[in-house]
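So this block is data.cif, mmCIF, C-alpha atoms:
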data_structure
loop_
_atom_site.group_PDB
_atom_site.id
_atom_site.type_symbol
_atom_site.label_atom_id
_atom_site.label_comp_id
_atom_site.auth_asym_id
_atom_site.auth_seq_id
_atom_site.Cartn_x
_atom_site.Cartn_y
_atom_site.Cartn_z
ATOM 1 C CA MET A 19 -85.464 51.028 -10.635
ATOM 2 C CA ALA A 20 -85.004 51.732 -6.924
ATOM 3 C CA THR A 21 -84.991 55.267 -5.534
ATOM 4 C CA PRO A 22 -81.531 56.851 -5.795
ATOM 5 C CA CYS A 23 -79.616 57.414 -2.564
ATOM 6 C CA THR A 24 -76.728 59.721 -1.719
ATOM 7 C CA ILE A 25 -73.202 58.337 -1.775
ATOM 8 C CA SER A 26 -73.103 58.779 2.021
ATOM 9 C CA ASP A 27 -76.215 56.634 2.455
ATOM 10 C CA PHE A 28 -74.803 54.144 -0.050
ATOM 11 C CA ALA A 29 -71.538 53.843 1.909
ATOM 12 C CA GLU A 30 -73.379 53.494 5.223
ATOM 13 C CA ALA A 31 -75.639 50.745 3.842
ATOM 14 C CA LEU A 32 -72.658 48.945 2.299
ATOM 15 C CA ARG A 33 -70.862 48.905 5.656
ATOM 16 C CA LYS A 34 -73.931 47.187 7.131
ATOM 17 C CA LEU A 35 -74.033 44.544 4.402
ATOM 18 C CA GLY A 36 -71.616 42.302 6.288
ATOM 19 C CA LYS A 37 -68.979 39.857 5.136
ATOM 20 C CA ALA A 38 -71.426 36.956 4.785
ATOM 21 C CA ASN A 39 -73.394 38.937 2.172
ATOM 22 C CA PHE A 40 -70.304 40.106 0.261
ATOM 23 C CA THR A 41 -70.885 37.572 -2.500
ATOM 24 C CA LEU A 42 -70.980 38.121 -6.265
ATOM 25 C CA ASP A 43 -74.777 38.009 -6.260
ATOM 26 C CA GLY A 44 -75.183 39.829 -2.930
ATOM 27 C CA VAL A 45 -73.208 42.950 -3.849
ATOM 28 C CA HIS A 46 -74.571 42.972 -7.415
ATOM 29 C CA GLN A 47 -78.108 43.037 -5.990
ATOM 30 C CA PHE A 48 -77.020 45.726 -3.507
ATOM 31 C CA LEU A 49 -75.989 47.928 -6.465
ATOM 32 C CA LYS A 50 -79.370 47.382 -8.130
ATOM 33 C CA ASP A 51 -81.160 48.254 -4.875
ATOM 34 C CA HIS A 52 -79.000 51.338 -4.126
ATOM 35 C CA PRO A 53 -78.579 53.478 -7.249
ATOM 36 C CA ILE A 54 -76.510 56.561 -6.432
ATOM 37 C CA GLU A 55 -77.736 60.135 -6.791
ATOM 38 C CA PRO A 56 -75.168 61.680 -9.182
ATOM 39 C CA ASP A 57 -75.142 65.127 -7.509
ATOM 40 C CA SER A 58 -74.012 63.554 -4.219
ATOM 41 C CA LEU A 59 -70.776 62.423 -5.910
ATOM 42 C CA LYS A 60 -69.500 65.946 -6.708
ATOM 43 C CA PRO A 61 -66.913 66.075 -3.858
ATOM 44 C CA TYR A 62 -65.256 62.933 -5.257
ATOM 45 C CA LEU A 63 -65.190 63.751 -8.965
ATOM 46 C CA PHE A 64 -61.943 64.897 -10.582
ATOM 47 C CA PHE A 65 -61.832 64.702 -14.369
ATOM 48 C CA ARG A 66 -58.616 64.806 -16.418
ATOM 49 C CA THR A 67 -58.432 65.149 -20.194
ATOM 50 C CA SER A 68 -55.349 62.901 -20.347
ATOM 51 C CA HIS A 69 -56.618 59.847 -18.426
ATOM 52 C CA TYR A 70 -59.407 58.503 -16.279
ATOM 53 C CA THR A 71 -59.067 59.154 -12.550
ATOM 54 C CA ARG A 72 -59.410 56.854 -9.516
ATOM 55 C CA ASN A 73 -61.002 58.551 -6.497
ATOM 56 C CA LEU A 74 -61.272 56.747 -3.158
ATOM 57 C CA ILE A 75 -64.631 57.229 -1.410
ATOM 58 C CA ASP A 76 -64.617 54.580 1.325
ATOM 59 C CA LYS A 77 -62.303 51.776 2.462
ATOM 60 C CA THR A 78 -62.455 48.989 5.041
ATOM 61 C CA GLU A 79 -60.490 45.768 5.465
ATOM 62 C CA LEU A 80 -63.213 44.043 3.406
ATOM 63 C CA TYR A 81 -63.580 46.443 0.461
ATOM 64 C CA GLU A 82 -62.861 49.800 -1.122
ATOM 65 C CA VAL A 83 -65.263 52.052 -3.031
ATOM 66 C CA ILE A 84 -63.757 54.110 -5.842
ATOM 67 C CA ALA A 85 -65.318 56.652 -8.223
ATOM 68 C CA ILE A 86 -63.688 56.497 -11.647
ATOM 69 C CA CYS A 87 -64.159 59.594 -13.814
ATOM 70 C CA TRP A 88 -64.151 59.044 -17.574
ATOM 71 C CA GLU A 89 -63.878 61.827 -20.132
ATOM 72 C CA VAL A 90 -65.240 61.245 -23.627
ATOM 73 C CA GLY A 91 -63.143 58.580 -25.349
ATOM 74 C CA HIS A 92 -61.294 57.326 -22.261
ATOM 75 C CA LYS A 93 -60.571 53.616 -22.086
ATOM 76 C CA SER A 94 -58.744 51.532 -19.498
ATOM 77 C CA GLN A 95 -55.954 49.178 -20.404
ATOM 78 C CA VAL A 96 -56.881 45.516 -20.555
ATOM 79 C CA HIS A 97 -56.433 44.457 -16.926
ATOM 80 C CA ASN A 98 -57.414 42.139 -14.075
ATOM 81 C CA HIS A 99 -58.119 42.714 -10.369
ATOM 82 C CA LYS A 100 -55.465 40.527 -8.724
ATOM 83 C CA GLY A 101 -57.975 37.815 -7.837
ATOM 84 C CA GLN A 102 -60.316 40.220 -6.044
ATOM 85 C CA ASN A 103 -64.018 40.565 -6.729
ATOM 86 C CA CYS A 104 -65.196 43.701 -8.506
ATOM 87 C CA TRP A 105 -68.624 45.235 -8.973
ATOM 88 C CA MET A 106 -69.384 48.373 -10.989
ATOM 89 C CA ALA A 107 -72.259 50.848 -11.063
ATOM 90 C CA VAL A 108 -72.572 53.773 -13.460
ATOM 91 C CA PRO A 109 -74.557 56.627 -11.902
ATOM 92 C CA MET A 110 -73.545 59.026 -14.709
ATOM 93 C CA GLY A 111 -73.294 58.158 -18.391
ATOM 94 C CA LYS A 112 -72.843 54.774 -20.019
ATOM 95 C CA LEU A 113 -69.775 52.506 -20.238
ATOM 96 C CA LEU A 114 -68.776 49.507 -22.317
ATOM 97 C CA VAL A 115 -67.087 46.461 -20.757
ATOM 98 C CA GLN A 116 -65.170 44.048 -23.003
ATOM 99 C CA ASN A 117 -64.166 40.761 -21.363
ATOM 100 C CA TYR A 118 -61.313 38.491 -22.456
ATOM 101 C CA ARG A 119 -60.469 34.818 -22.128
ATOM 102 C CA VAL A 120 -56.908 33.477 -21.827
ATOM 103 C CA VAL A 121 -56.081 31.158 -24.761
ATOM 104 C CA ALA A 122 -52.366 30.613 -24.086
ATOM 105 C CA GLY A 123 -49.659 31.533 -21.627
ATOM 106 C CA ASN A 124 -49.772 32.814 -18.074
ATOM 107 C CA PRO A 125 -52.212 35.601 -17.018
ATOM 108 C CA ASP A 126 -50.035 36.266 -13.940
ATOM 109 C CA GLY A 127 -47.052 37.540 -15.929
ATOM 110 C CA GLY A 128 -44.982 36.955 -19.023
ATOM 111 C CA HIS A 129 -46.378 35.496 -22.237
ATOM 112 C CA CYS A 130 -50.190 35.671 -22.346
ATOM 113 C CA GLU A 131 -52.559 35.457 -25.303
ATOM 114 C CA LEU A 132 -56.154 36.652 -25.022
ATOM 115 C CA THR A 133 -59.285 36.513 -27.134
ATOM 116 C CA GLU A 134 -62.429 38.594 -26.776
ATOM 117 C CA SER A 135 -65.349 36.954 -25.009
ATOM 118 C CA ASP A 136 -68.568 38.730 -24.027
ATOM 119 C CA ARG A 137 -69.165 42.473 -23.840
ATOM 120 C CA TYR A 138 -71.902 44.487 -22.189
ATOM 121 C CA TRP A 139 -73.030 48.026 -21.413
ATOM 122 C CA MET A 140 -73.430 49.543 -17.965
ATOM 123 C CA ASP A 141 -75.673 52.518 -17.187
ATOM 124 C CA PRO A 142 -77.600 53.770 -14.119
ATOM 125 C CA ALA A 143 -80.103 50.881 -14.345
ATOM 126 C CA ASN A 144 -77.589 48.158 -15.213
ATOM 127 C CA PRO A 145 -74.601 47.620 -12.909
ATOM 128 C CA GLY A 146 -71.905 45.114 -13.782
ATOM 129 C CA ARG A 147 -69.590 42.662 -12.094
ATOM 130 C CA VAL A 148 -66.413 40.804 -12.924
ATOM 131 C CA GLU A 149 -66.920 37.071 -13.261
ATOM 132 C CA PRO A 150 -64.073 35.162 -11.547
ATOM 133 C CA GLU A 151 -63.710 32.696 -14.433
ATOM 134 C CA GLU A 152 -63.021 35.586 -16.861
ATOM 135 C CA PRO A 153 -61.539 38.419 -14.778
ATOM 136 C CA ILE A 154 -59.679 40.205 -17.610
ATOM 137 C CA HIS A 155 -61.368 43.161 -19.325
ATOM 138 C CA TYR A 156 -61.278 46.797 -20.308
ATOM 139 C CA VAL A 157 -63.822 49.525 -19.604
ATOM 140 C CA ALA A 158 -64.463 52.314 -22.123
ATOM 141 C CA ASN A 159 -66.412 55.532 -22.564
ATOM 142 C CA PRO A 160 -66.703 55.411 -26.379
ATOM 143 C CA PRO A 161 -66.259 58.791 -28.117
ATOM 144 C CA GLU A 162 -69.515 58.412 -30.045
ATOM 145 C CA LEU A 163 -71.453 58.784 -26.749
ATOM 146 C CA LYS A 164 -70.134 62.362 -26.457
ATOM 147 C CA GLN A 165 -70.558 62.521 -22.672
ATOM 148 C CA GLN A 166 -68.573 62.174 -19.471
ATOM 149 C CA ALA A 167 -69.222 59.106 -17.325
ATOM 150 C CA VAL A 168 -68.637 58.109 -13.718
ATOM 151 C CA SER A 169 -68.438 54.545 -12.476
ATOM 152 C CA ILE A 170 -68.448 53.390 -8.869
ATOM 153 C CA HIS A 171 -66.262 50.332 -8.291
ATOM 154 C CA ILE A 172 -66.365 48.098 -5.245
ATOM 155 C CA TYR A 173 -63.279 45.896 -4.866
ATOM 156 C CA SER A 174 -63.123 43.136 -2.298
ATOM 157 C CA TYR A 175 -60.546 43.019 -0.998
ATOM 158 C CA PRO A 176 -58.661 46.291 -1.576
ATOM 159 C CA TYR A 177 -55.525 45.872 -3.704
ATOM 160 C CA ASP A 178 -52.755 48.190 -4.896
ATOM 161 C CA SER A 179 -51.516 46.600 -8.121
ATOM 162 C CA CYS A 180 -52.930 44.678 -11.067
ATOM 163 C CA MET A 181 -51.866 42.920 -14.231
ATOM 164 C CA ILE A 182 -52.188 44.705 -17.554
ATOM 165 C CA TYR A 183 -52.179 42.885 -20.866
ATOM 166 C CA SER A 184 -50.762 43.835 -24.244
ATOM 167 C CA LEU A 185 -52.814 42.166 -26.953
ATOM 168 C CA GLU A 186 -50.183 43.052 -29.582
ATOM 169 C CA GLN A 187 -47.129 41.913 -27.614
ATOM 170 C CA LYS A 188 -49.022 38.984 -26.042
ATOM 171 C CA LYS A 189 -47.715 39.616 -22.563
ATOM 172 C CA ALA A 190 -48.870 40.483 -19.045
ATOM 173 C CA ILE A 191 -47.060 42.793 -16.620
ATOM 174 C CA GLU A 192 -47.848 43.964 -13.101
ATOM 175 C CA ILE A 193 -48.304 47.693 -12.444
ATOM 176 C CA PRO A 194 -48.931 49.678 -9.231
ATOM 177 C CA LEU A 195 -52.259 51.470 -8.747
ATOM 178 C CA HIS A 196 -52.685 54.979 -7.361
ATOM 179 C CA TYR A 197 -55.559 57.151 -6.224
ATOM 180 C CA THR A 198 -56.127 60.546 -7.833
ATOM 181 C CA SER A 199 -57.927 61.642 -4.674
ATOM 182 C CA GLU A 200 -58.763 60.184 -1.274
ATOM 183 C CA TYR A 201 -62.016 61.093 0.482
ATOM 184 C CA GLY A 202 -62.446 64.167 -1.737
ATOM 185 C CA VAL A 203 -58.859 65.477 -1.367
ATOM 186 C CA LEU A 204 -56.508 65.445 -4.349
ATOM 187 C CA GLU A 205 -53.265 63.569 -3.874
ATOM 188 C CA PRO A 206 -50.241 65.957 -3.886
ATOM 189 C CA GLU A 207 -48.907 64.769 -7.263
ATOM 190 C CA GLU A 208 -52.338 65.494 -8.796
ATOM 191 C CA MET A 209 -52.539 69.127 -7.596
ATOM 192 C CA ASP A 210 -50.822 70.556 -10.678
ATOM 193 C CA VAL A 211 -52.446 68.268 -13.252
ATOM 194 C CA GLY A 212 -54.958 70.044 -15.487
#

Using the file provided, produce a representation of the structure as structure tokens.
Amino acid sequence: MATPCTISDFAEALRKLGKANFTLDGVHQFLKDHPIEPDSLKPYLFFRTSHYTRNLIDKTELYEVIAICWEVGHKSQVHNHKGQNCWMAVPMGKLLVQNYRVVAGNPDGGHCELTESDRYWMDPANPGRVEPEEPIHYVANPPELKQQAVSIHIYSYPYDSCMIYSLEQKKAIEIPLHYTSEYGVLEPEEMDVG
């Protein structure tokens, strides 16, 4: 495994990567080559017992970098990334990714039926990425691991809404996305949340 770097050095190196190298393989290799020193993330980490948090670290026209803080047992809804590429690193803890395949209906809204496809684990040595042919998944910090986790997500391009999927109701709906914090500063509506 490569030598860990600070989140500042990570962000600076990512800015130098360039649009031509912002490919599925290029950014995935970048994550393998630039593991993040967990202590350097402290200014961006805000944990909530009720839900995972989304904390903006860096943003350009090409991408955004977000730290997601997961308490024990947290799990995202089944969701997509609005056609954008996504890569994930886990500098702290271990996370499970469960992918889904559409078997009927429309993944862009309304009736949509899914079935599980592959699943994999992410940890500091094993970053992940969303494959464009199967962009629907959930991410979880299973309770049996008994530890907090932090994932770093790179989205290209930035987006502010996504589709979520109800497996029981067999439907997809669009929801807005919000940051818990931006550049280490809590958003006003998050100030009073415990």

Minimum-distance residue to His196 in chain A, chosen among A:Ala20, A:Tyr62, A:Ala122, A:Asn73 (using only C-alpha atoms):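 Nearest candidate to His196 in chain A out of A:Ala20, A:Tyr62, A:Ala122, A:Asn73: A:Asn73.
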
Contacts of Leu163 in chain A at 9 Å (all atoms listed in the file; same-chain gap of 3+ positions) as JSON, numbers by chain: {"A": [90, 91, 111, 112, 159, 160, 166]}

Option closest in space to Ile191 in chain A, from A:Cys23, A:Cys130, A:Leu42, A:Asn117 [counting all atoms listed in the file]: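 Among the listed residues, A:Cys130 lies closest to Ile191 in chain A.
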
Of the listed residues A:Leu195, A:Leu204, A:Leu49, A:Ala29, that which approaches Pro176 in chain A most closely, counting all atoms listed in the file: A:Leu195

Residue members of the PyMOL selection byres ((chain A and resi 64) around 12) in the file shown, as a compact mmCIF listing (two decimals) with C-alpha atoms, in the frame of the given file:
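The file below, out-v1.txt, is the result:
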# COMPACT_ATOMS: atom_id res chain seq x y z
CA LEU A 59 -70.78 62.42 -5.91
CA LYS A 60 -69.50 65.95 -6.71
CA PRO A 61 -66.91 66.08 -3.86
CA TYR A 62 -65.26 62.93 -5.26
CA LEU A 63 -65.19 63.75 -8.96
CA PHE A 65 -61.83 64.70 -14.37
CA ARG A 66 -58.62 64.81 -16.42
CA THR A 67 -58.43 65.15 -20.19
CA SER A 68 -55.35 62.90 -20.35
CA HIS A 69 -56.62 59.85 -18.43
CA TYR A 70 -59.41 58.50 -16.28
CA THR A 71 -59.07 59.15 -12.55
CA ARG A 72 -59.41 56.85 -9.52
CA ASN A 73 -61.00 58.55 -6.50
CA LEU A 74 -61.27 56.75 -3.16
CA ILE A 84 -63.76 54.11 -5.84
CA ALA A 85 -65.32 56.65 -8.22
CA ILE A 86 -63.69 56.50 -11.65
CA CYS A 87 -64.16 59.59 -13.81
CA TRP A 88 -64.15 59.04 -17.57
CA GLU A 89 -63.88 61.83 -20.13
CA GLN A 166 -68.57 62.17 -19.47
CA ALA A 167 -69.22 59.11 -17.32
CA VAL A 168 -68.64 58.11 -13.72
CA TYR A 197 -55.56 57.15 -6.22
CA THR A 198 -56.13 60.55 -7.83
CA SER A 199 -57.93 61.64 -4.67
CA GLU A 200 -58.76 60.18 -1.27
CA TYR A 201 -62.02 61.09 0.48
CA GLY A 202 -62.45 64.17 -1.74
CA VAL A 203 -58.86 65.48 -1.37
CA LEU A 204 -56.51 65.44 -4.35
CA GLU A 205 -53.26 63.57 -3.87
CA GLU A 208 -52.34 65.49 -8.80
CA MET A 209 -52.54 69.13 -7.60
CA VAL A 211 -52.45 68.27 -13.25
CA GLY A 212 -54.96 70.04 -15.49

Selected residue, from A:Leu80, A:Leu132, A:Ile170, A:Met181, that lies nearest to Pro53 in chain A when counting all atoms listed in the file: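 Looking at the shortest contact to Pro53 in chain A, the residue is A:Ile170.
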
Selected residue, from A:Ala190, A:Val96, A:Leu32, A:Ala38, that lies nearest to Gly128 in chain A when counting all atoms listed in the file: A:Ala190

Polymer residues at most 9 Å from (-82.2, 61.5, -3.2) by all atoms listed in the file, as number ranges by chain: A: 21-24, 54-55, 58

Distance in Å - CA of His97 in chain A versus CA of His155 in chain A: 5.6 Å

Residue contacts of Thr78 in chain A (9 Å, only C-alpha atoms) excluding same-chain residues fewer than 2 positions away, as a VMD selection string: chain A and resid 33 76 80 to 82 175 to 176

The PyMOL selection byres ((chain A and resi 158) around 7) applied to the shown file, residues as a list in words: His92, Lys93, Ser94, Leu113, Leu114, Val115, Tyr156, Val157, Asn159 and Pro160 of chain A

Which residue of A:His52, A:Glu162, A:Glu186, A:His46 approaches Asp27 in chain A most closely, using only C-alpha atoms: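 Distance minimum relative to Asp27 in chain A lands on A:His52.
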
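Taking CA of Asn124 in chain A as the reference point, CA of Trp139 in chain A is found at 28.0 Å.
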
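Put simply, CA of Val45 in chain A is 12.8 Å away from CA of Glu149 in chain A.
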
Residues within 12 Å of Gly44 in chain A, all atoms listed in the file, excluding chain neighbours under 4 positions, as a JSON list (two decimals) with C-alpha atoms, in the coordinates of the input:
[["chain", "number", "residue", "atom", "x", "y", "z"],
["A", 32, "LEU", "CA", -72.66, 48.94, 2.30],
["A", 35, "LEU", "CA", -74.03, 44.54, 4.40],
["A", 36, "GLY", "CA", -71.62, 42.30, 6.29],
["A", 37, "LYS", "CA", -68.98, 39.86, 5.14],
["A", 38, "ALA", "CA", -71.43, 36.96, 4.78],
["A", 39, "ASN", "CA", -73.39, 38.94, 2.17],
["A", 40, "PHE", "CA", -70.30, 40.11, 0.26],
["A", 48, "PHE", "CA", -77.02, 45.73, -3.51],
["A", 49, "LEU", "CA", -75.99, 47.93, -6.46],
["A", 50, "LYS", "CA", -79.37, 47.38, -8.13],
["A", 51, "ASP", "CA", -81.16, 48.25, -4.88],
["A", 103, "ASN", "CA", -64.02, 40.56, -6.73],
["A", 105, "TRP", "CA", -68.62, 45.24, -8.97],
["A", 147, "ARG", "CA", -69.59, 42.66, -12.09]]

Result set of the PyMOL selection byres ((chain A and resi 151) around 12) on the coordinates above, as a list in words: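 Applying the expression gives Asn98, Gly101, Gln102, Asn103, Asn117, Tyr118, Arg119, Val120, Ser135, Arg147, Val148, Glu149, Pro150, Glu152, Pro153, Ile154 and His155 of chain A.
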